[in-house]
Structure formats: structure tokens, C-alpha cells
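File shown: upload_20.cif (mmCIF, C-alpha atoms).
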data_start
loop_
_atom_site.label_atom_id
_atom_site.label_comp_id
_atom_site.auth_asym_id
_atom_site.auth_seq_id
_atom_site.Cartn_x
_atom_site.Cartn_y
_atom_site.Cartn_z
CA MET Z 1 0.00 0.00 0.00
CA ARG Z 2 1.27 3.49 -0.88
CA HIS Z 3 1.14 6.54 1.38
CA THR Z 4 2.13 10.06 0.36
CA VAL Z 5 2.30 13.56 1.77
CA THR Z 6 2.51 16.77 -0.23
CA HIS Z 7 5.89 17.39 -1.90
CA ALA Z 8 7.39 14.30 -0.24
CA PRO Z 9 8.81 10.96 -1.33
CA GLN Z 10 6.28 8.18 -1.64
CA PHE Z 11 6.15 5.79 1.31
CA TYR Z 12 5.02 2.18 1.14
CA VAL Z 13 4.36 -0.55 3.68
CA THR Z 14 5.25 -4.21 3.28
CA ALA Z 15 2.95 -7.13 3.95
CA PRO Z 16 3.48 -8.79 7.35
CA GLN Z 17 6.21 -11.46 7.46
CA PRO Z 18 7.57 -13.66 10.28
CA CYS Z 19 9.75 -11.58 12.61
CA PRO Z 20 13.44 -12.62 12.50
CA TYR Z 21 14.03 -11.40 16.07
CA LEU Z 22 11.05 -12.38 18.22
CA HIS Z 23 9.49 -15.81 17.75
CA GLY Z 24 5.80 -15.89 16.93
CA ARG Z 25 5.55 -12.25 15.89
CA ALA Z 26 5.14 -10.60 12.51
CA GLU Z 27 7.13 -7.68 11.14
CA ARG Z 28 6.06 -4.96 8.74
CA LYS Z 29 8.21 -2.17 7.29
CA LEU Z 30 7.56 1.38 6.17
CA PHE Z 31 9.89 2.24 3.29
CA THR Z 32 10.72 4.71 0.56
CA ALA Z 33 13.05 4.79 -2.43
CA LEU Z 34 16.42 6.47 -2.07
CA THR Z 35 17.24 8.00 -5.44
CA GLY Z 36 18.12 11.25 -7.16
CA ASP Z 37 20.26 14.23 -6.28
CA SER Z 38 18.79 14.54 -2.78
CA ALA Z 39 19.60 10.94 -1.75
CA ASN Z 40 22.29 11.95 0.74
CA GLU Z 41 20.07 14.56 2.37
CA LEU Z 42 17.18 12.11 2.64
CA ASN Z 43 19.45 9.42 4.08
CA ASN Z 44 20.74 11.87 6.68
CA ALA Z 45 17.27 13.14 7.65
CA LEU Z 46 15.58 9.75 7.90
CA SER Z 47 18.50 8.07 9.67
CA ARG Z 48 17.96 10.59 12.47
CA GLN Z 49 14.34 9.35 12.63
CA GLY Z 50 15.03 5.66 13.02
CA PHE Z 51 15.29 4.60 9.36
CA ARG Z 52 17.94 2.28 7.94
CA ARG Z 53 19.31 1.86 4.43
CA SER Z 54 19.28 -1.31 2.33
CA GLN Z 55 20.69 -0.64 -1.14
CA ASN Z 56 18.48 2.11 -2.60
CA VAL Z 57 15.70 1.82 -0.01
CA LEU Z 58 15.21 3.44 3.40
CA TYR Z 59 13.02 1.51 5.82
CA ARG Z 60 11.75 1.56 9.39
CA PRO Z 61 9.77 -1.10 11.30
CA SER Z 62 6.06 -0.30 11.43
CA CYS Z 63 4.50 -3.41 12.91
CA GLU Z 64 0.80 -3.70 13.65
CA SER Z 65 1.09 -4.82 17.27
CA CYS Z 66 4.68 -4.33 18.39
CA VAL Z 67 7.26 -1.56 18.73
CA ALA Z 68 10.14 -3.71 19.94
CA CYS Z 69 12.62 -2.66 17.21
CA MET Z 70 14.32 0.59 18.15
CA SER Z 71 17.18 2.30 16.33
CA ALA Z 72 20.33 2.50 18.43
CA ARG Z 73 23.33 4.79 18.23
CA ILE Z 74 26.43 5.50 20.31
CA ARG Z 75 27.27 9.04 21.44
CA VAL Z 76 30.93 9.06 20.42
CA ALA Z 77 32.14 11.85 22.71
CA GLU Z 78 30.75 10.10 25.80
CA PHE Z 79 31.70 6.54 24.92
CA THR Z 80 34.13 4.71 27.18
CA PRO Z 81 35.04 1.08 26.43
CA SER Z 82 34.38 -1.45 29.15
CA ARG Z 83 37.13 -3.66 30.56
CA SER Z 84 36.10 -6.54 28.29
CA GLN Z 85 35.98 -4.23 25.26
CA ARG Z 86 39.50 -3.01 26.02
CA ARG Z 87 40.61 -6.65 26.06
CA ILE Z 88 39.01 -7.11 22.63
CA GLN Z 89 40.92 -4.09 21.33
CA ARG Z 90 44.20 -5.53 22.59
CA LYS Z 91 43.41 -8.97 21.19
CA ASN Z 92 42.86 -7.45 17.72
CA ALA Z 93 45.86 -5.11 17.77
CA GLY Z 94 47.23 -6.93 14.72
CA LEU Z 95 44.28 -5.94 12.56
CA ARG Z 96 44.54 -2.95 10.25
CA ARG Z 97 41.72 -0.99 8.70
CA LEU Z 98 41.49 -0.34 4.95
CA ALA Z 99 38.71 1.95 3.72
CA THR Z 100 37.75 1.32 0.09
CA SER Z 101 35.02 2.40 -2.29
CA ALA Z 102 31.72 0.52 -2.40
CA TRP Z 103 32.97 -2.15 -4.76
CA ALA Z 104 32.45 -5.89 -4.16
CA THR Z 105 35.24 -8.44 -4.62
CA GLU Z 106 35.34 -12.22 -4.84
CA GLU Z 107 37.48 -12.25 -1.69
CA GLN Z 108 34.78 -10.39 0.22
CA TYR Z 109 32.09 -12.73 -1.10
CA GLU Z 110 34.05 -15.83 -0.04
CA LEU Z 111 34.33 -14.39 3.47
CA PHE Z 112 30.64 -13.49 3.41
CA ARG Z 113 29.70 -17.07 2.44
CA ARG Z 114 31.79 -18.57 5.24
CA TYR Z 115 30.16 -16.18 7.70
CA LEU Z 116 26.62 -17.03 6.56
CA ASP Z 117 27.21 -20.78 6.42
CA GLU Z 118 28.55 -20.75 9.98
CA ARG Z 119 26.37 -18.12 11.66
CA HIS Z 120 23.18 -17.64 9.62
CA ALA Z 121 22.65 -20.77 7.53
CA ASP Z 122 18.87 -20.51 7.92
CA GLY Z 123 18.62 -16.72 7.62
CA GLY Z 124 17.13 -14.58 4.89
CA MET Z 125 20.51 -14.10 3.17
CA ALA Z 126 21.49 -17.78 3.15
CA ASP Z 127 20.92 -18.21 -0.61
CA MET Z 128 22.51 -14.92 -1.69
CA ASP Z 129 24.74 -15.42 -4.72
CA ILE Z 130 27.69 -13.28 -5.77
CA PHE Z 131 25.55 -11.02 -7.98
CA GLU Z 132 23.14 -10.29 -5.14
CA PHE Z 133 26.09 -9.70 -2.85
CA ALA Z 134 27.55 -7.23 -5.34
CA ALA Z 135 24.21 -5.42 -5.47
CA MET Z 136 24.14 -5.17 -1.66
CA ILE Z 137 27.57 -3.56 -1.68
CA GLU Z 138 27.47 -1.46 -4.83
CA GLU Z 139 23.86 -0.29 -5.23
CA THR Z 140 24.15 2.80 -3.09
CA PRO Z 141 23.17 6.35 -4.08
CA VAL Z 142 24.80 7.84 -0.95
CA ARG Z 143 28.27 8.24 0.56
CA THR Z 144 29.28 4.65 1.32
CA ARG Z 145 32.58 2.97 2.14
CA VAL Z 146 33.64 -0.65 2.52
CA ILE Z 147 35.82 -0.93 5.60
CA GLU Z 148 38.08 -3.99 5.46
CA TYR Z 149 40.02 -5.44 8.38
CA ARG Z 150 43.14 -7.40 7.52
CA LEU Z 151 45.60 -9.33 9.65
CA THR Z 152 48.88 -7.47 9.25
CA GLU Z 153 52.32 -8.40 10.50
CA PRO Z 154 53.66 -6.01 13.19
CA GLY Z 155 55.58 -3.11 11.72
CA CYS Z 156 54.27 -3.69 8.18
CA ARG Z 157 52.00 -1.42 6.18
CA PRO Z 158 48.45 -2.72 5.54
CA SER Z 159 48.11 -4.31 2.13
CA GLN Z 160 45.45 -5.97 0.01
CA ASP Z 161 47.61 -9.11 0.24
CA ASP Z 162 47.00 -9.41 4.00
CA GLN Z 163 44.39 -11.90 5.20
CA LEU Z 164 40.88 -10.44 5.11
CA VAL Z 165 39.04 -11.27 8.36
CA ALA Z 166 36.20 -8.75 8.60
CA VAL Z 167 34.23 -6.31 6.42
CA CYS Z 168 31.77 -3.55 7.22
CA LEU Z 169 29.58 -1.70 4.73
CA THR Z 170 29.43 1.82 6.18
CA ASP Z 171 27.43 4.91 5.22
CA VAL Z 172 28.97 8.30 5.95
CA LEU Z 173 26.23 10.56 7.33
CA ASP Z 174 26.57 14.23 8.16
CA ASP Z 175 26.35 13.40 11.88
CA GLY Z 176 27.98 9.99 12.06
CA LEU Z 177 28.77 6.60 10.61
CA SER Z 178 26.01 4.08 9.95
CA LEU Z 179 27.01 0.41 10.03
CA VAL Z 180 24.82 -1.00 7.27
CA TYR Z 181 26.09 -4.59 7.40
CA SER Z 182 29.17 -6.37 8.72
CA PHE Z 183 30.53 -9.89 8.53
CA TYR Z 184 33.70 -11.67 9.59
CA ASP Z 185 35.69 -14.90 9.41
CA PRO Z 186 33.98 -17.40 11.77
CA ALA Z 187 37.42 -18.93 12.47
CA PHE Z 188 38.15 -15.73 14.45
CA GLU Z 189 34.96 -15.86 16.53
CA ALA Z 190 36.96 -15.93 19.76
CA SER Z 191 38.40 -12.54 18.82
CA SER Z 192 34.94 -10.89 19.00
CA LEU Z 193 35.41 -9.26 15.62
CA GLY Z 194 31.87 -7.87 15.53
CA THR Z 195 32.56 -5.88 18.69
CA HIS Z 196 35.98 -4.85 17.40
CA VAL Z 197 34.45 -3.44 14.21
CA ILE Z 198 32.10 -1.24 16.26
CA LEU Z 199 34.90 -0.08 18.57
CA ASP Z 200 37.08 0.78 15.59
CA HIS Z 201 34.23 2.75 13.99
CA VAL Z 202 33.93 4.75 17.22
CA ASP Z 203 37.61 5.66 16.86
CA LEU Z 204 37.11 6.45 13.18
CA ALA Z 205 34.13 8.72 13.91
CA ARG Z 206 35.97 10.45 16.74
CA SER Z 207 38.94 11.23 14.48
CA ALA Z 208 36.54 12.65 11.86
CA GLY Z 209 34.63 14.76 14.39
CA LEU Z 210 31.38 12.82 13.86
CA PRO Z 211 29.13 12.57 16.94
CA PHE Z 212 27.31 9.26 16.39
CA ILE Z 213 27.69 5.61 15.43
CA TYR Z 214 24.40 4.21 14.13
CA LEU Z 215 24.15 0.50 14.97
CA GLY Z 216 20.85 -0.45 13.40
CA TYR Z 217 18.04 -1.88 15.48
CA TRP Z 218 18.13 -3.03 19.08
CA VAL Z 219 15.38 -5.41 20.13
CA PRO Z 220 14.77 -6.09 23.83
CA GLY Z 221 14.25 -9.79 24.34
CA SER Z 222 16.26 -10.76 21.25
CA ARG Z 223 19.51 -12.63 21.95
CA LYS Z 224 20.78 -11.61 18.50
CA MET Z 225 20.64 -7.94 19.50
CA GLU Z 226 21.69 -8.19 23.14
CA TYR Z 227 25.33 -7.24 22.41
CA LYS Z 228 24.38 -3.69 21.40
CA SER Z 229 23.19 -2.82 24.90
CA ARG Z 230 26.71 -3.52 26.23
CA PHE Z 231 28.10 -0.34 24.65
CA SER Z 232 28.23 2.71 26.88
CA ALA Z 233 26.67 6.05 25.85
CA LEU Z 234 24.01 4.13 23.91
CA GLU Z 235 20.73 5.79 23.06
CA ILE Z 236 17.61 4.51 21.33
CA TYR Z 237 14.97 6.10 19.14
CA LYS Z 238 11.74 5.57 21.07
CA GLY Z 239 8.50 7.49 20.98
CA GLY Z 240 9.82 9.75 18.24
CA VAL Z 241 12.89 10.96 20.19
CA TRP Z 242 16.42 9.79 20.94
CA GLN Z 243 16.91 8.95 24.60
CA PRO Z 244 19.52 7.13 26.73
CA ILE Z 245 18.81 3.43 26.87
CA GLY Z 246 19.11 3.31 30.65
CA ASP Z 247 18.35 -0.15 32.05
CA PRO Z 248 17.69 -2.41 29.03
CA GLN Z 249 15.41 -4.57 31.16
CA GLN Z 250 12.97 -1.68 31.56
CA HIS Z 251 11.99 -1.58 27.88
CA ASN Z 252 8.84 -3.59 27.42
CA SER Z 253 8.40 -4.83 23.86
CA ASP Z 254 4.63 -5.38 24.22
CA ILE Z 255 2.04 -2.77 23.32
CA HIS Z 256 -1.69 -2.77 22.75
CA PRO Z 257 -2.44 -2.64 18.99
CA LEU Z 258 -4.85 0.29 19.49
CA SER Z 259 -1.91 2.32 20.84
CA ILE Z 260 -0.03 2.20 17.53
CA ASP Z 261 -0.66 5.15 15.23
CA PRO Z 262 -2.00 4.52 11.71
CA ILE Z 263 0.58 4.50 8.93
CA VAL Z 264 -0.68 7.77 7.44
CA GLU Z 265 -0.09 9.55 10.76
CA GLN Z 266 3.39 8.05 11.05
CA VAL Z 267 4.24 9.32 7.58
CA ALA Z 268 2.82 12.78 8.30
CA ARG Z 269 5.20 13.17 11.26
CA ILE Z 270 8.34 12.37 9.25
CA THR Z 271 10.57 15.42 8.88
CA LEU Z 272 12.00 15.69 5.38
CA PRO Z 273 15.04 17.67 4.24
CA GLN Z 274 14.35 21.22 3.10
CA ARG Z 275 13.94 21.61 -0.64
CA PRO Z 276 16.02 24.39 -2.25
CA ARG Z 277 13.92 27.36 -3.24
#
When written as C-alpha cells, how does the structure in this file appear?
Amino acid sequence: MRHTVTHAPQFYVTAPQPCPYLHGRAERKLFTALTGDSANELNNALSRQGFRRSQNVLYRPSCESCVACMSARIRVAEFTPSRSQRRIQRKNAGLRRLATSAWATEEQYELFRRYLDERHADGGMADMDIFEFAAMIEETPVRTRVIEYRLTEPGCRPSQDDQLVAVCLTDVLDDGLSLVYSFYDPAFEASSLGTHVILDHVDLARSAGLPFIYLGYWVPGSRKMEYKSRFSALEIYKGGVWQPIGDPQQHNSDIHPLSIDPIVEQVARITLPQRPR
């Protein structure tokens, strides 16, 4: 179904599908196309309102009877790594970051396949072939980088010949970095590479003077998303505003269906970037 407001992008809503995070629930998404000269501005504006990017689409959960999915971001200036996160940083001291353009490689795809086969063999991406992988990486109308992490010998300069162990597809927003999708070598699971990638992006954002790291959705009650609540200075987009997460246990994922606003009202409250006069 399509929903529009005057002088705005067209918004659509998907049909309900099984929720990948909470068993027995259904998910529905509100989405719009991300195209044209104003794509960066739209990506910036909607990311601040809980939307995420997937290729040339921006989407936000808009379920009929649940508001469990909440966008999460780290306030970079206030972030302090925990003792365990500092251990992860030391453990991965031999990794070096290489920022490249949004261009897919066979090496990345091979790593991606090993990651899926080990960690998400029954997930929605399990059957993704190399062409679909390339589309995920390359079909972006906004400022996007592929951040590679390679195992480098001490004292040597990072090189494309070093072993690739992790990859993150990252959007560069005007107020932060948005981690669109990341994957890593399952043989290095003990190194907590997923956490390391986030910690390194905090350092990258701090050096660039960017205030936020956008982590995607946090879902209370979902074991898949529990790790996000372990980062300090974390805030969530709830009730139309960003607020500190506080005690994660206090966020109740249940809500009466009559308490959820109709789609047309949700769309009407979206703030869009100013059009040039």
C-alpha cells in the first residue's frame, strides 16, 4: 500500500512477514526509495528518525502490534570502552583498517559465504549469490565505504595481500557513521570481531569529528541484539525521540495494537530535508 504527503517521497508498507528477532511475531516495514540528487540529504534526515538503508531503499519497522525494534546509536564523545571491550581491542591489535570504495570483490564474497554458512545458515541471506552480494555492496546512491580489516604483521603497512578477516559496509552521514552490514571470518569468533568493528568505527568517527555511530536496530528480548546494549553512551529512538537506553530490562516490547498510530499519521510526522527554493 502506498502513502504520500505533499511534496514528499512516496512511502510504502510491506505485507506482514515472520519476525526474525522475536518468535511468533510478525514484522512490517515502512519504506521509501532512495534516489536522485537529494539521496544523501534524505538518508541523513531519515536516519535521524530511526530509518535504515538497504541498497536504494530506506526503511523503518512499522509493525501492527509491536514496537520492539528501536534504532540504536552510540554518542561518540561520551563513549568509554568497558574492561572486556578493552581486552578485545588488545586482542585485535594486529588488525589494520582499509577503507575502500563501495565495490564488491570475490574475496569479500568468499568471506561473506563462510560467515553465513557458519552463523546464519537458515537466515534470509542464506541463498545470496555473488551477484546479489555485489548489489548489496554497490547499489548505493549515498556516501558509502567498505571498511576492510586485515591481519597485518607487526611493523608492516596494511596491504590488500593481507588476510581479510572482517568487512563492514558503512554509510557516511553528516552526523555519524552508519554500520549498514558487517561480517567476519567465523574462524576468528573468539576474537569478538563484531565488537571490534564497532569499537574501531567509534575511533574512526571520533577522528573525523562525527558525533554518532548508528548500529541499526536493538530489540529487547532478542539474543541476536543483546550485544548492542553492552556499549556505553548508547541511546535509542523511542516514541519519536532519541533517549539514553538506561536499564535495558525496563523496555517492554509489548504494546496494545490500538496504541499504535495509523501509517498515514506516522508518515505525516516524518521530517524531510528542506527543498532548495
**Request:** Do a neighbour search on stretch 141-148 of chain Z at 7 Å with all atoms listed in the file, toss out local chain neighbours closer than 5 positions, and write the hits as number ranges by chain.
**Result:** Z: 35, 39-40, 56, 97-102, 166-172
Please produce, as a Markdown table, a per-residue contact table for stretch 132-205 of chain Z versus stretch 231-242 of chain Z (criterion: any atom at most 12 Å away, only C-alpha atoms considered), showing the nearest atom pair and its distance in Å to one decimal, sorted by chain then residue number.
| residue | atom | partner | partner_atom | distance |
| --- | --- | --- | --- | --- |
| Z:Thr195 | CA | Z:Phe231 | CA | 9.3 |
| Z:His196 | CA | Z:Phe231 | CA | 11.6 |
| Z:Ile198 | CA | Z:Phe231 | CA | 9.3 |
| Z:Leu199 | CA | Z:Phe231 | CA | 9.1 |
| Z:Val202 | CA | Z:Phe231 | CA | 10.7 |
**Asked** Just so the selection is clear, what residues does the PyMOL selection byres ((chain Z and resi 94) around 10) cover here, as an MDAnalysis selection string?
**Response** chainID Z and resid 89:93 95:96 149:155
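Minimum distance to Z:Ala33 across Z:Phe51, Z:Phe79, Z:Phe11, Z:Phe212 (counting all atoms listed in the file) occurs at Z:Phe11.
Neighbours of Z:Gly50 closer than or equal to 7 Å, with all atoms listed in the file counted and sequence neighbours fewer than 4 positions away skipped, come out as Z:Leu46, Z:Arg60, Z:Ser71, Z:Tyr237.
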**Asked** So, counting all atoms listed in the file, which residue among Z:Ser84, Z:Ser54, Z:Ser222, Z:Ser191 is closest to Z:Tyr21?
**Response** Z:Ser222
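Pairwise distance (atom CA of Z:Ile213, atom CA of Z:Ile88) equals 18.5 Å.
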**Asked** For Z:Cys69, which residue out of Z:Leu177, Z:Met225, Z:Ile245, Z:Ile270 is the nearest one, using all atoms listed in the file?
**Response** Z:Met225
**Request:** Give as a PyMOL selection string the residues that the PyMOL selection byres ((chain Z and resi 112) around 12) matches when applied to the coordinates above.
**Result:** chain Z and resi 104-111+113-121+125-130+132-134+136-137+164-169+181-186
**Request:** Please work out which residues fall within 10 Å of (10.5, 15.4, 11.5), coordinates as given in the file, with all atoms listed in the file counting, and return them as a VMD selection string.
**Result:** chain Z and resid 45 to 46 48 to 49 240 267 to 273
Save the residues we just selected, C-alpha atoms, as a PDB file, in the frame of the given file?
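In the end it all went to selection.pdb:
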ATOM      1  CA  ALA Z  45      17.270  13.140   7.650  1.00  0.00           C
ATOM      2  CA  LEU Z  46      15.580   9.750   7.900  1.00  0.00           C
ATOM      3  CA  ARG Z  48      17.960  10.590  12.470  1.00  0.00           C
ATOM      4  CA  GLN Z  49      14.340   9.350  12.630  1.00  0.00           C
ATOM      5  CA  GLY Z 240       9.820   9.750  18.240  1.00  0.00           C
ATOM      6  CA  VAL Z 267       4.240   9.320   7.580  1.00  0.00           C
ATOM      7  CA  ALA Z 268       2.820  12.780   8.300  1.00  0.00           C
ATOM      8  CA  ARG Z 269       5.200  13.170  11.260  1.00  0.00           C
ATOM      9  CA  ILE Z 270       8.340  12.370   9.250  1.00  0.00           C
ATOM     10  CA  THR Z 271      10.570  15.420   8.880  1.00  0.00           C
ATOM     11  CA  LEU Z 272      12.000  15.690   5.380  1.00  0.00           C
ATOM     12  CA  PRO Z 273      15.040  17.670   4.240  1.00  0.00           C
TER      13      PRO Z 273
END
**Prompt:** Any idea what the distance is between atom CA of Z:Ser207 and atom CA of Z:Pro248?
**Reply:** 29.1 Å
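Rounded to one decimal, atom CA of Z:Asp247 and atom CA of Z:Ala72 lie 14.0 Å from each other.
Remark: for Z:Pro9, the closest of the candidate residues Z:Gly246, Z:Pro220, Z:Gly36, Z:Gly209 is Z:Gly36 (distances computed over all atoms listed in the file).
Remark: for Z:Val180, the closest of the candidate residues Z:Pro262, Z:Gly194, Z:Gly221, Z:Gly216 is Z:Gly216 (distances computed over all atoms listed in the file).
Shortest atom-to-atom contact with Z:Asp174 among Z:Trp103, Z:Tyr59, Z:Phe31, Z:Tyr214: Z:Tyr214, counting only C-alpha atoms.
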**Request:** For the point (29.4, 10.1, 16.6) in the file's frame, write as a ChimeraX atom specification all residues with an atom no more than 6 Å away, counting all atoms listed in the file.
**Result:** /Z:75-76,176,205,210-213
Which centre and which edge lengths, in Å to one decimal, describe the axis-aligned box that holds all listed atoms of stretch 229-241 of chain Z after 5 Å is added on each side, as AutoDock Vina command-line options?
--center_x 18.4 --center_y 3.7 --center_z 22.6 --size_x 29.7 --size_y 24.5 --size_z 18.6
Using the atoms already present, construct N, CA and C atoms for stretch 181-197 of chain Z and hand them back as a tab-separated table (two decimals), in the frame of the given file.
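Result file follows (result.tsv):
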chain	number	residue	atom	x	y	z
Z	181	TYR	N	25.99	-3.14	7.26
Z	181	TYR	CA	26.09	-4.59	7.40
Z	181	TYR	C	27.55	-4.95	7.59
Z	182	SER	N	27.80	-5.91	8.50
Z	182	SER	CA	29.17	-6.37	8.72
Z	182	SER	C	29.19	-7.88	8.80
Z	183	PHE	N	30.34	-8.44	8.46
Z	183	PHE	CA	30.53	-9.89	8.53
Z	183	PHE	C	32.02	-10.16	8.75
Z	184	TYR	N	32.31	-11.37	9.24
Z	184	TYR	CA	33.70	-11.67	9.59
Z	184	TYR	C	33.97	-13.16	9.45
Z	185	ASP	N	35.25	-13.51	9.52
Z	185	ASP	CA	35.69	-14.90	9.41
Z	185	ASP	C	35.28	-15.65	10.67
Z	186	PRO	N	34.41	-16.68	10.57
Z	186	PRO	CA	33.98	-17.40	11.77
Z	186	PRO	C	35.13	-18.11	12.49
Z	187	ALA	N	36.26	-18.33	11.81
Z	187	ALA	CA	37.42	-18.93	12.47
Z	187	ALA	C	38.00	-18.01	13.53
Z	188	PHE	N	37.67	-16.72	13.49
Z	188	PHE	CA	38.15	-15.73	14.45
Z	188	PHE	C	37.07	-15.34	15.45
Z	189	GLU	N	36.08	-16.21	15.65
Z	189	GLU	CA	34.96	-15.86	16.53
Z	189	GLU	C	35.43	-15.52	17.94
Z	190	ALA	N	36.47	-16.19	18.41
Z	190	ALA	CA	36.96	-15.93	19.76
Z	190	ALA	C	37.54	-14.53	19.90
Z	191	SER	N	37.83	-13.89	18.78
Z	191	SER	CA	38.40	-12.54	18.82
Z	191	SER	C	37.33	-11.46	18.90
Z	192	SER	N	36.05	-11.86	18.90
Z	192	SER	CA	34.94	-10.89	19.00
Z	192	SER	C	35.06	-9.80	17.95
Z	193	LEU	N	35.19	-10.22	16.69
Z	193	LEU	CA	35.41	-9.26	15.62
Z	193	LEU	C	34.24	-8.31	15.42
Z	194	GLY	N	33.01	-8.77	15.67
Z	194	GLY	CA	31.87	-7.87	15.53
Z	194	GLY	C	31.97	-6.69	16.48
Z	195	THR	N	32.37	-6.96	17.72
Z	195	THR	CA	32.56	-5.88	18.69
Z	195	THR	C	33.73	-5.00	18.29
Z	196	HIS	N	34.81	-5.63	17.81
Z	196	HIS	CA	35.98	-4.85	17.40
Z	196	HIS	C	35.63	-3.88	16.28
Z	197	VAL	N	34.83	-4.31	15.32
Z	197	VAL	CA	34.45	-3.44	14.21
Z	197	VAL	C	33.72	-2.20	14.73
